[in-house]
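Engineer: Pasting in a structure now, in structure tokens, and then I'll have a few things to ask.
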Amino acid sequence: MRRTTLAAVCLAASAAVGLSACGTESGGSGGSGTAKEKTGKKAPEKEAGPFPGLSGPDIVDKAVQATTDASSLRVKGRVPDESGTIELDMAFDTKGRCAGTMGMGGEGSLDLITTASTVYMKYDEEFLRAQGKGEPAADTEAAVDTLAGRWVRTAATGADAKDIASFCDLDVLLGEFKDVNSAARRGKPTTVDGTPALTLTESDGADRYTLYVATEGKPYLLKVVNETAKTPESLAFSEFDKPVDATPPTGDVMDIDKLAG
């Protein structure tokens with residue numbers, strides 16, 4: 001179970017990196033300067049059209065504010081990690097609830113539901129075998145026989161579940177996305193899954209990021225794409241302020257805290 005916990009920690013870290021790297025930089029200590037300082041480019045002039053009178057950096061600020069103020073949202077996409085490509089489709093809220101699926105490098109998937117007090121997980125066989133690489137074959141087979149396709153539960157305060165519970169807190173997940181600086185350039189109007197949006201672009205070295213910001217209703221960040229990364233990198237955001245269905249699973253749910261004694 002500890003390997004699975006580490007996978008969740010990597011996922012949380014990579015998601016945070018993906019958000020804070022979307023053409024923006026953290027304003028905290030230890031940063032490497034603003035995007036404007038990196039590119040040496042002057043921020044674009046204010047323009048008309050969607051968000052009239054606002055420059056690219058102004059729009060990014062509004063998008064960051066609206067997105068981090070959301071009480072819940074869904075994140076879907078792919079982000080690179082040292083262990084491979086992380087794939088996720090998860091809904092989160094600020095009360096510590098989450099529900100969805102995550103995978104690592106195409107090696108199986110994990111279903112996850114977290115409530116305020118309990119973490120529920122269900123692994124497929126491919127995921128368990130991937131996590132068991134390097135372990136004794138008998139141990140891997142035992143894990144597959146016991147866990148594959150079966151829900152398990154553990155207290156959210158348990159040693160192995162704390163990191164997962166923290167990852168499922170939207171405030172924690174988006175924490176690195178606040179206090180940013182940007183030199184984004186305004187692009188053309190477009191749509192993201194039927195929602196009118198404005199594109200903004202910004203470069204950081206060899207990476208070129210495109211941000212899509214909603215132009216109707218609240219200016220939520222709808223999508224982020226790194227077009228030049230060696231590994232395709234894209235995150236989409238939706239279902240803002242909608243309740244997260246974190247209904248606990250029923251039926252054959254194994255309590256791994258009891259097994260641990």
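Convention: chains lettered A, B, ... in structure tokens order; per-chain residue numbering from 1; ligands numbered from 1 as shown.
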Applying 12 Å and only C-alpha atoms, which residues near Thr146 of chain A remain after dropping the ones on its own chain fewer than 2 positions away? List them as a list of chain:residue names.
Structural biologist: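 With the cut-off at 12 Å, the set is A:Lys122, A:Tyr123, A:Asp124, A:Glu125, A:Leu128, A:Asp139, A:Thr140, A:Glu141, A:Ala142, A:Ala143, A:Val144, A:Ala148, A:Gly149, A:Arg150, A:Trp151, A:Val152, A:Asp252, A:Val253, A:Met254, A:Ile256, A:Leu259.
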Engineer: How would the residues just chosen look if you wrote them out with N, CA, C and O atoms as a short mmCIF file (atom, residue, chain, number, x, y, z; two decimals), in the first residue's frame?
Structural biologist:
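Saved file selection_10.cif follows:
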```
data_model
loop_
_atom_site.label_atom_id
_atom_site.label_comp_id
_atom_site.auth_asym_id
_atom_site.auth_seq_id
_atom_site.Cartn_x
_atom_site.Cartn_y
_atom_site.Cartn_z
N LYS A 122 -9.74 1.53 -5.24
CA LYS A 122 -9.93 0.27 -5.98
C LYS A 122 -8.90 0.21 -7.10
O LYS A 122 -8.85 1.09 -7.96
N TYR A 123 -8.08 -0.82 -7.11
CA TYR A 123 -6.99 -0.95 -8.07
C TYR A 123 -7.36 -2.01 -9.12
O TYR A 123 -7.96 -3.03 -8.79
N ASP A 124 -6.94 -1.80 -10.36
CA ASP A 124 -7.09 -2.87 -11.33
C ASP A 124 -5.82 -3.73 -11.30
O ASP A 124 -4.80 -3.36 -10.70
N GLU A 125 -5.90 -4.89 -11.95
CA GLU A 125 -4.78 -5.84 -11.88
C GLU A 125 -3.51 -5.27 -12.48
O GLU A 125 -2.41 -5.45 -11.94
N LEU A 128 -1.72 -2.99 -10.02
CA LEU A 128 -1.08 -3.72 -8.93
C LEU A 128 0.21 -4.41 -9.40
O LEU A 128 1.21 -4.42 -8.69
N ASP A 139 4.42 -12.18 -3.52
CA ASP A 139 3.78 -11.02 -2.90
C ASP A 139 2.88 -10.29 -3.89
O ASP A 139 1.77 -9.85 -3.56
N THR A 140 3.36 -10.17 -5.13
CA THR A 140 2.55 -9.50 -6.15
C THR A 140 1.29 -10.29 -6.44
O THR A 140 0.19 -9.72 -6.54
N GLU A 141 1.41 -11.61 -6.57
CA GLU A 141 0.24 -12.44 -6.84
C GLU A 141 -0.76 -12.37 -5.69
O GLU A 141 -1.97 -12.34 -5.91
N ALA A 142 -0.25 -12.31 -4.46
CA ALA A 142 -1.14 -12.21 -3.30
C ALA A 142 -1.90 -10.89 -3.32
O ALA A 142 -3.09 -10.84 -3.01
N ALA A 143 -1.20 -9.81 -3.69
CA ALA A 143 -1.84 -8.50 -3.76
C ALA A 143 -2.91 -8.49 -4.84
O ALA A 143 -4.01 -7.95 -4.65
N VAL A 144 -2.61 -9.07 -6.00
CA VAL A 144 -3.59 -9.14 -7.09
C VAL A 144 -4.81 -9.95 -6.66
O VAL A 144 -5.95 -9.53 -6.88
N ALA A 148 -7.31 -6.76 -6.47
CA ALA A 148 -7.72 -6.36 -7.81
C ALA A 148 -9.24 -6.27 -7.95
O ALA A 148 -9.96 -7.21 -7.63
N GLY A 149 -9.71 -5.10 -8.40
CA GLY A 149 -11.13 -4.90 -8.64
C GLY A 149 -11.98 -4.83 -7.39
O GLY A 149 -13.20 -4.93 -7.47
N ARG A 150 -11.36 -4.61 -6.25
CA ARG A 150 -12.08 -4.62 -4.98
C ARG A 150 -11.84 -3.32 -4.22
O ARG A 150 -10.71 -2.84 -4.11
N TRP A 151 -12.92 -2.73 -3.71
CA TRP A 151 -12.77 -1.51 -2.92
C TRP A 151 -12.15 -1.82 -1.57
O TRP A 151 -12.49 -2.82 -0.93
N VAL A 152 -11.22 -0.97 -1.13
CA VAL A 152 -10.68 -1.04 0.23
C VAL A 152 -10.87 0.33 0.86
O VAL A 152 -10.99 1.34 0.17
N ASP A 252 -18.86 -5.33 -1.10
CA ASP A 252 -17.63 -5.93 -0.60
C ASP A 252 -16.52 -4.88 -0.50
O ASP A 252 -15.76 -4.68 -1.45
N VAL A 253 -16.46 -4.20 0.65
CA VAL A 253 -15.43 -3.18 0.89
C VAL A 253 -14.54 -3.68 2.02
O VAL A 253 -15.00 -3.89 3.15
N MET A 254 -13.28 -3.84 1.75
CA MET A 254 -12.35 -4.39 2.75
C MET A 254 -11.76 -3.27 3.60
O MET A 254 -11.27 -2.26 3.06
N ILE A 256 -8.85 -2.11 5.47
CA ILE A 256 -7.45 -2.51 5.64
C ILE A 256 -6.88 -2.06 6.98
O ILE A 256 -5.84 -2.58 7.41
N LEU A 259 -7.30 -5.12 9.11
CA LEU A 259 -6.33 -6.16 8.74
C LEU A 259 -4.96 -5.85 9.33
O LEU A 259 -4.21 -6.76 9.71
#
```
Engineer: Within 6 Å of segment 188-205 of chain A, counting only C-alpha atoms, which residues qualify if same-chain residues fewer than 5 places away don't, as an MDAnalysis selection string?
Structural biologist: chainID A and resid 23 210:215
Engineer: Would you compute the distance between atom CA of Asp207 of chain A and atom CA of Glu87 of chain A? Give it in Å to one decimal.
Structural biologist: 20.1 Å
Engineer: Between A:Ser166, A:Asn226, A:Ser182, A:Thr118, which residue has the minimum interatomic distance to Ala63 of chain A, considering only C-alpha atoms?
Structural biologist: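 Smallest separation from Ala63 of chain A among the options: A:Ser182.
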Engineer: Hey, can you check how far atom CA of Thr85 of chain A sits from atom CA of Thr68 of chain A?
Structural biologist: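 Interatomic distance, atom CA of Thr85 of chain A to atom CA of Thr68 of chain A: 24.8 Å.
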Engineer: Could you find all residues in segment 75-253 of chain A that DSSP calls strand (DSSP E) from the backbone, and write them as a ChimeraX atom specification?
Structural biologist: /A:75-81,84-93,98-104,109-114,118-123,151-155,180-182,185-192,195-204,207-214,221-226,233-238,253
